[in-house]
Every structure is written in structure tokens, then in C-alpha cells.
Amino acid sequence: MSEKLFYTMGEVAEMFDVNASLIRYWGTQFPSLKPQRNKKGNRLFTPADIETLKRIYHYVKECGMTLEGAKKALRGDRSAAPEGNADMELLDRLHSLRSMLVAVRDSMDDEQAVEAVQGAGSTEAAEEAEQPQRPKYKEQSLFDF
């Protein structure tokens with residue numbers, strides 16, 4: 001996420017892949033989430049608001065907490081805010097590392113396919129090209145390891 005001073009409601013809703021109405025609702029339910037408004041009345045979210053939304057999203061959507069449970073967890077987070085931010089940063093880094101590894105794996109698959117097609121001069125080589133070099137694994141989420 002590039003460091004902007006303010007994010008619009010549409011940008012924030014797109015970041016979290018939720019409806020803008022859900023973000024507005026969370027704004028009424030969580031006192032720690034108070035985005036600024038411009039002269040027109042549009043909500044403008046700061047990077048600190050985005051971090052708060054990340055924690056709310058994590059508790060409600062990923063952990064399955066109720067809103068009351070998420071409120072209590074956020075109150076408990078205030079004392080451990082640096083640790084919570086470190087966890088979120090670690091999770092972001094792991095997601096980016098995983099996507100890089102998947103890209104490397106996919107590029108290796110593409111290179112092996114090209115080599116197999118180029119070397120398929122005989123019927124034996126053509127049969128080898130049809131069979132996979134290694135077993136294909138289903139996509140795993142970050143938490144399946």
C-alpha cells in the first residue's frame with residue numbers, strides 16, 4: 001500500500017473487498033474508527049484508520065468474532081499495539097513472499113513445457129512432454145502449511 005495522506009471510501013472498500021456500506025456501519029460501531037470528512041461530507045481515511053480497519057476486518061471476517069468481541073479485542077490491542085502491527089506486517093510479508101514463490105513455480109512450469117515441446121522430435125520425447133514433470137498440488141492458503 002503506497003503511503004497516501006487520505007484514502008476515499010471507494011479505495012478503502014476495494015482494499016478490503018467489501019461494500020462501502022459495511023465500512024460506514026463499522027464506523028458507527030467502533031469509536032476508534034472516525035474518518036475525517038471533506039467539505040462535501042465524503043469520508044477520508046488516514047493510514048491509521050486503515051490499520052484500524054485491518055484489525056477490525058481480521059477479527060470480524062477472518063476470526064469470526066462478533067462486533068462486541070471485536071470491540072473488546074480492539075480495546076485489548078491498545079496495550080499491545082506495536083505487537084499487533086508487527087503481526088499484521090509479518091502477515092503482509094508472508095502473503096507477498098508466497099505470491100512471489102507461486103510466480104517462480106509457474107514460470108518454471110512454463111519453461112519446462114517449452115523445453116519439452118522443443119525436444120519432442122521423437123515419439124518417446126512427445127510422450128514425456130505430455131506427462132507432468134512433477135505432481136501438481138492444489139493452491140494452499142497461507143494458513144494451510
# chains A, B, ... in the order shown; residues from 1 in each chain; ligands from 1
>>> residues_around(residues="A:Gly27", least_positions_apart="6", cutoff="12 Å", atoms="only C-alpha atoms", output="number ranges by chain")
A: 9, 20-21, 33-36, 43-45, 49-50, 52-53, 56, 67, 71
>>> write_last_selection(atoms="C-alpha atoms", output="PDB file, in the first residue's frame")
ATOM      1  CA  MET A   9     -14.367   5.324   0.757  1.00  0.00           C
ATOM      2  CA  ALA A  20     -18.817   0.720   1.320  1.00  0.00           C
ATOM      3  CA  SER A  21     -21.955   0.325   3.455  1.00  0.00           C
ATOM      4  CA  LEU A  33     -12.722   4.455  13.646  1.00  0.00           C
ATOM      5  CA  LYS A  34     -13.529   8.095  12.944  1.00  0.00           C
ATOM      6  CA  PRO A  35     -12.535   9.081   9.406  1.00  0.00           C
ATOM      7  CA  GLN A  36     -12.248  12.766   8.591  1.00  0.00           C
ATOM      8  CA  ARG A  43     -15.188  10.239   4.375  1.00  0.00           C
ATOM      9  CA  LEU A  44     -11.404  10.382   4.083  1.00  0.00           C
ATOM     10  CA  PHE A  45      -9.423   7.623   5.780  1.00  0.00           C
ATOM     11  CA  ASP A  49      -7.732   4.442  10.034  1.00  0.00           C
ATOM     12  CA  ILE A  50      -6.686   1.790   7.513  1.00  0.00           C
ATOM     13  CA  THR A  52      -7.733   0.070  12.495  1.00  0.00           C
ATOM     14  CA  LEU A  53      -9.882  -1.296   9.675  1.00  0.00           C
ATOM     15  CA  ILE A  56     -11.498  -4.929  12.594  1.00  0.00           C
ATOM     16  CA  LEU A  67     -18.794  -6.939  16.736  1.00  0.00           C
ATOM     17  CA  LYS A  71     -14.583  -4.157  20.184  1.00  0.00           C
TER      18      LYS A  71
END
>>> residues_around(residues="A:Glu68", least_positions_apart="2", cutoff="12 Å", atoms="only C-alpha atoms", output="short mmCIF file (atom, residue, chain, number, x, y, z; two decimals) with C-alpha atoms, in the first residue's frame")
data_model
loop_
_atom_site.label_atom_id
_atom_site.label_comp_id
_atom_site.auth_asym_id
_atom_site.auth_seq_id
_atom_site.Cartn_x
_atom_site.Cartn_y
_atom_site.Cartn_z
CA TRP A 26 -18.24 -0.25 11.19
CA GLN A 29 -19.99 0.69 15.73
CA PHE A 30 -16.30 1.25 16.50
CA ILE A 56 -11.50 -4.93 12.59
CA TYR A 59 -11.36 -10.01 13.95
CA VAL A 60 -14.77 -9.96 12.27
CA GLY A 64 -15.38 -14.85 13.00
CA MET A 65 -15.80 -12.65 16.07
CA THR A 66 -18.96 -10.72 16.79
CA ALA A 70 -14.03 -7.31 18.10
CA LYS A 71 -14.58 -4.16 20.18
CA LYS A 72 -13.18 -5.90 23.26
CA ALA A 73 -10.24 -7.23 21.26
CA LEU A 74 -9.50 -3.74 19.90
CA ARG A 75 -9.55 -2.33 23.44
#
>>> residues_around(residues="A:Glu3", least_positions_apart="2", cutoff="10 Å", atoms="only C-alpha atoms", output="list in words")
Met1, Leu5, Phe6, Tyr7, Thr46 and Pro47 of chain A
>>> atom_distance(atom1="atom CA of A:Glu11", atom2="atom CA of A:Asp87")
23.4 Å
>>> residues_around(residues="A:Asn19", least_positions_apart="6", cutoff="10 Å", atoms="only C-alpha atoms", output="VMD selection string")
chain A and resid 9 to 10 12 to 13
>>> write_last_selection(atoms="C-alpha atoms", output="short mmCIF file (atom, residue, chain, number, x, y, z; two decimals), in the first residue's frame")
data_model
loop_
_atom_site.label_atom_id
_atom_site.label_comp_id
_atom_site.auth_asym_id
_atom_site.auth_seq_id
_atom_site.Cartn_x
_atom_site.Cartn_y
_atom_site.Cartn_z
CA MET A 9 -14.37 5.32 0.76
CA GLY A 10 -14.22 3.58 -2.61
CA VAL A 12 -10.91 1.51 1.20
CA ALA A 13 -13.85 -0.68 0.21
#
>>> select_by_dssp(residues="stretch 6-106 of chain A", states="strand (DSSP E or B)", output="list in words")
Tyr7, Thr8, Gln36, Arg37, Arg43, Leu44 and Phe45 of chain A
>>> atom_distance(atom1="atom CA of A:Pro31", atom2="atom CA of A:Met15")
21.1 Å
>>> atom_distance(atom1="atom CA of A:Cys63", atom2="atom CA of A:Ala48")
21.3 Å
>>> closest_atom_pairs(of="stretch 8-90 of chain A", to="stretch 95-116 of chain A", cutoff="12 Å", atoms="only C-alpha atoms", output="JSON lines")
{"residue": "A:Met88", "atom": "CA", "partner": "A:His95", "partner_atom": "CA", "distance": 10.6}
{"residue": "A:Glu89", "atom": "CA", "partner": "A:His95", "partner_atom": "CA", "distance": 9.9}
{"residue": "A:Leu90", "atom": "CA", "partner": "A:His95", "partner_atom": "CA", "distance": 8.6}
